Amino acid sequence: MLLAAWILALLAVALAAPVPILLSRASWPSRSPALALVLWQAIALAGGLSMIGAMLTWGLIPFGQTLTSALTALSTSILQETLPPGVNFIHVFALCGAFFLGAHLLLNLVLTFVRAERQRRRHHNLVDLLSEPLHGRPGTRVLDHAAPVAYCLPGAMRSITVLSGGLLTLLEPDELRAVIAHEKAHLSQQHHMVLLAFKSWNSALPWFPIANRAEKAVALLVEMLADDQARRAVNDRTLARAIALVGTAGESGGIAASNNANGTTTDTADAEHPFDLVMPRVNRLLAPPAPLPLAARVSVVLVSLSLLAVPTALLLAA
């Protein structure tokens, strides 16, 4: 179990900084945003599992030779209020750290989803009161607002796309069709679930710089995925023009911000610069990068699977 603890610790360190930093600086994710998103999720899950697993296996070393026997001995020790020989402060600290970190991450994830669902229900009620349906577009509502705004608002029973009057005035019909296709892609692909998971990670570990970096990278990737869906409805230049028009219209919102796909306008506000989520997408549409070759795509999938398999196997074999 000592070897498993060291390997898990090294993996946790690698996934805490160098690996995410390299991925966030890489140029290939724009060539395959779906695979890059899978890899980011694998890094987040494997990183959390490795951190918790490293502390757990280290703390259980004095309790037994295997994870199962050690957990059984730990339960017995807690019930009998005794500790076996060899248990010191570091082992107790590691066990407490594993428990509290796991509980903190899980509780924060649940609270993030509960708060988001409550906000969405309130947002749905407000939109119903302040908007009107768009003729010929089921599930689309129009707010009487001068700023160009477009966002999707998911819900357990009903999901809608919200547009502003200013957006309808600003865009040509083809550009408007691109915006609606983009927002509906967020809904159909459930991007709000992925974004909330990374938002939860960032809020749970605000002192962890890579969590903020991951949230921003994932926000851009889901925008690119929605762009790829919208490209099936209009040509690339029309979509790029719509993104640029809304992104430079003077206010955050609309297709340029995409509102985290959950009805809250935070993408552009959280970015270091208001064009952080606009220019990379416009450039990608105007000069489409070559798709990743098959060998590279297979490699990303294998790496993602390995990241999840290794810590799991180490814990099961410990």
# chains A, B, ... in the order shown; residues from 1 in each chain; ligands from 1
$ residues_around --residues "range 177-180 of chain A" --least-positions-apart "6" --cutoff "8 Å" --atoms "only C-alpha atoms" --output "PyMOL selection string"
chain A and resi 150+161+230-231+233-234+238-239+242+255
$ write_last_selection --atoms "N, CA and C atoms" --output "PDB file, in the first residue's frame"
ATOM      1  N   ALA A 150     -28.338  36.847 -25.988  1.00  0.00           N
ATOM      2  CA  ALA A 150     -28.904  35.538 -26.316  1.00  0.00           C
ATOM      3  C   ALA A 150     -28.322  34.519 -25.348  1.00  0.00           C
ATOM      4  N   THR A 161     -34.727  29.184 -25.055  1.00  0.00           N
ATOM      5  CA  THR A 161     -33.691  30.083 -25.551  1.00  0.00           C
ATOM      6  C   THR A 161     -34.232  31.500 -25.444  1.00  0.00           C
ATOM      7  N   ALA A 230     -23.744  24.909 -34.722  1.00  0.00           N
ATOM      8  CA  ALA A 230     -24.358  25.999 -35.472  1.00  0.00           C
ATOM      9  C   ALA A 230     -23.851  26.055 -36.907  1.00  0.00           C
ATOM     10  N   ARG A 231     -22.626  25.558 -37.141  1.00  0.00           N
ATOM     11  CA  ARG A 231     -22.072  25.555 -38.497  1.00  0.00           C
ATOM     12  C   ARG A 231     -22.862  24.662 -39.440  1.00  0.00           C
ATOM     13  N   ALA A 233     -26.046  24.817 -39.623  1.00  0.00           N
ATOM     14  CA  ALA A 233     -27.201  25.606 -40.045  1.00  0.00           C
ATOM     15  C   ALA A 233     -26.806  26.765 -40.947  1.00  0.00           C
ATOM     16  N   VAL A 234     -25.612  27.330 -40.731  1.00  0.00           N
ATOM     17  CA  VAL A 234     -25.147  28.465 -41.533  1.00  0.00           C
ATOM     18  C   VAL A 234     -23.678  28.247 -41.856  1.00  0.00           C
ATOM     19  N   THR A 238     -20.842  33.541 -41.690  1.00  0.00           N
ATOM     20  CA  THR A 238     -22.051  34.098 -41.082  1.00  0.00           C
ATOM     21  C   THR A 238     -22.018  33.943 -39.568  1.00  0.00           C
ATOM     22  N   LEU A 239     -21.622  32.766 -39.115  1.00  0.00           N
ATOM     23  CA  LEU A 239     -21.526  32.526 -37.673  1.00  0.00           C
ATOM     24  C   LEU A 239     -20.455  33.413 -37.053  1.00  0.00           C
ATOM     25  N   ALA A 242     -21.781  36.902 -36.698  1.00  0.00           N
ATOM     26  CA  ALA A 242     -22.730  37.027 -35.594  1.00  0.00           C
ATOM     27  C   ALA A 242     -22.003  37.107 -34.256  1.00  0.00           C
ATOM     28  N   ILE A 255     -24.511  35.484 -27.982  1.00  0.00           N
ATOM     29  CA  ILE A 255     -23.726  34.337 -28.427  1.00  0.00           C
ATOM     30  C   ILE A 255     -22.272  34.471 -28.046  1.00  0.00           C
TER      31      ILE A 255
END
$ select_by_dssp --residues "range 3-174 of chain A" --states "helix (DSSP H, G or I)" --output "PyMOL selection string"
chain A and resi 3-16+18-25+28-31+33-63+67-80+89-130+165-170+173-174
$ closest_residue --among "A:Ala46, A:Cys96, A:Val142, A:Ala34" --to "Ser306 in chain A" --atoms "only C-alpha atoms"
A:Ala46
$ residues_around --residues "Leu285 in chain A" --least-positions-apart "2" --cutoff "7 Å" --atoms "only C-alpha atoms" --output "list in words"
Asp236, Arg237, Ala240, Arg281, Val282, Asn283, Ala287 and Pro288 of chain A
$ write_last_selection --atoms "C-alpha atoms" --output "mmCIF file, in the first residue's frame"
data_model
loop_
_atom_site.group_PDB
_atom_site.id
_atom_site.type_symbol
_atom_site.label_atom_id
_atom_site.label_comp_id
_atom_site.auth_asym_id
_atom_site.auth_seq_id
_atom_site.Cartn_x
_atom_site.Cartn_y
_atom_site.Cartn_z
ATOM 1 C CA ASP A 236 -18.671 29.750 -41.032
ATOM 2 C CA ARG A 237 -18.449 33.414 -42.040
ATOM 3 C CA ALA A 240 -18.236 34.393 -37.172
ATOM 4 C CA ARG A 281 -13.812 31.357 -31.885
ATOM 5 C CA VAL A 282 -13.936 33.954 -34.650
ATOM 6 C CA ASN A 283 -10.383 33.108 -35.731
ATOM 7 C CA ALA A 287 -9.362 30.014 -40.627
ATOM 8 C CA PRO A 288 -10.593 26.525 -39.694
#
$ residues_around --residues "Ala17 in chain A" --least-positions-apart "5" --cutoff "12 Å" --atoms "only C-alpha atoms" --output "number ranges by chain"
A: 10-12, 22-24, 43-44, 47, 208-214
$ write_last_selection --atoms "N, CA and C atoms" --output "JSON list (two decimals), in the first residue's frame"
[["chain", "number", "residue", "atom", "x", "y", "z"],
["A", 10, "LEU", "N", 2.28, 11.16, -6.59],
["A", 10, "LEU", "CA", 2.96, 11.71, -7.76],
["A", 10, "LEU", "C", 1.96, 12.05, -8.87],
["A", 11, "LEU", "N", 0.98, 11.17, -9.06],
["A", 11, "LEU", "CA", -0.04, 11.43, -10.07],
["A", 11, "LEU", "C", -0.87, 12.66, -9.71],
["A", 12, "ALA", "N", -1.18, 12.81, -8.44],
["A", 12, "ALA", "CA", -1.95, 13.98, -7.99],
["A", 12, "ALA", "C", -1.18, 15.27, -8.25],
["A", 22, "LEU", "N", -0.03, 22.47, -19.34],
["A", 22, "LEU", "CA", 0.35, 22.11, -20.71],
["A", 22, "LEU", "C", -0.89, 22.03, -21.61],
["A", 23, "LEU", "N", -1.96, 21.45, -21.09],
["A", 23, "LEU", "CA", -3.17, 21.32, -21.90],
["A", 23, "LEU", "C", -3.79, 22.68, -22.19],
["A", 24, "SER", "N", -3.80, 23.57, -21.18],
["A", 24, "SER", "CA", -4.42, 24.89, -21.39],
["A", 24, "SER", "C", -3.63, 25.74, -22.37],
["A", 43, "ILE", "N", -8.90, 14.56, -16.37],
["A", 43, "ILE", "CA", -7.89, 15.16, -15.50],
["A", 43, "ILE", "C", -8.50, 15.55, -14.16],
["A", 44, "ALA", "N", -9.67, 16.18, -14.21],
["A", 44, "ALA", "CA", -10.33, 16.62, -12.97],
["A", 44, "ALA", "C", -10.69, 15.43, -12.09],
["A", 47, "GLY", "N", -7.49, 13.60, -10.94],
["A", 47, "GLY", "CA", -6.76, 14.41, -9.97],
["A", 47, "GLY", "C", -7.39, 14.35, -8.59],
["A", 208, "PHE", "N", -6.65, 27.08, -5.58],
["A", 208, "PHE", "CA", -6.03, 26.14, -6.49],
["A", 208, "PHE", "C", -6.04, 26.76, -7.89],
["A", 209, "PRO", "N", -4.94, 27.39, -8.33],
["A", 209, "PRO", "CA", -4.98, 28.15, -9.58],
["A", 209, "PRO", "C", -5.43, 27.34, -10.78],
["A", 210, "ILE", "N", -5.11, 26.06, -10.80],
["A", 210, "ILE", "CA", -5.42, 25.27, -11.98],
["A", 210, "ILE", "C", -6.93, 25.06, -12.12],
["A", 211, "ALA", "N", -7.68, 25.12, -11.02],
["A", 211, "ALA", "CA", -9.13, 24.96, -11.10],
["A", 211, "ALA", "C", -9.75, 26.11, -11.88],
["A", 212, "ASN", "N", -9.24, 27.33, -11.65],
["A", 212, "ASN", "CA", -9.73, 28.48, -12.40],
["A", 212, "ASN", "C", -9.34, 28.39, -13.86],
["A", 213, "ARG", "N", -8.13, 27.93, -14.11],
["A", 213, "ARG", "CA", -7.67, 27.76, -15.49],
["A", 213, "ARG", "C", -8.52, 26.72, -16.22],
["A", 214, "ALA", "N", -8.84, 25.64, -15.52],
["A", 214, "ALA", "CA", -9.66, 24.59, -16.13],
["A", 214, "ALA", "C", -11.06, 25.09, -16.44]]
$ select_by_dssp --residues "range 144-231 of chain A" --states "strand (DSSP E)" --output "list in words"
Ala150, Tyr151, Cys152, Leu153, Ile160, Thr161, Val162, Leu163 and Ser164 of chain A
$ atom_distance --atom1 "CA of Glu117 in chain A" --atom2 "CA of Ala156 in chain A"
8.6 Å
$ atom_distance --atom1 "CA of Val222 in chain A" --atom2 "CA of His135 in chain A"
28.1 Å
$ residues_around --residues "Leu187 in chain A" --least-positions-apart "6" --cutoff "8 Å" --atoms "only C-alpha atoms" --output "ChimeraX atom specification"
/A:152-154,159,261
$ atom_distance --atom1 "CA of Leu83 in chain A" --atom2 "CA of Pro62 in chain A"
9.3 Å
$ residues_around --residues "Ala54 in chain A" --least-positions-apart "4" --cutoff "8 Å" --atoms "only C-alpha atoms" --output "ChimeraX atom specification"
/A:4-9,12,50,58
$ closest_residue --among "A:Arg122, A:His104, A:His91, A:Arg232" --to "Leu56 in chain A" --atoms "only C-alpha atoms"
A:His91
$ closest_residue --among "A:Asp144, A:Glu215, A:Asp128, A:Asp227" --to "Glu183 in chain A" --atoms "only C-alpha atoms"
A:Asp227
$ residues_around --residues "Leu225 in chain A" --least-positions-apart "6" --cutoff "9 Å" --atoms "only C-alpha atoms" --output "MDAnalysis selection string"
chainID A and resid 32:34 182 185:186 189
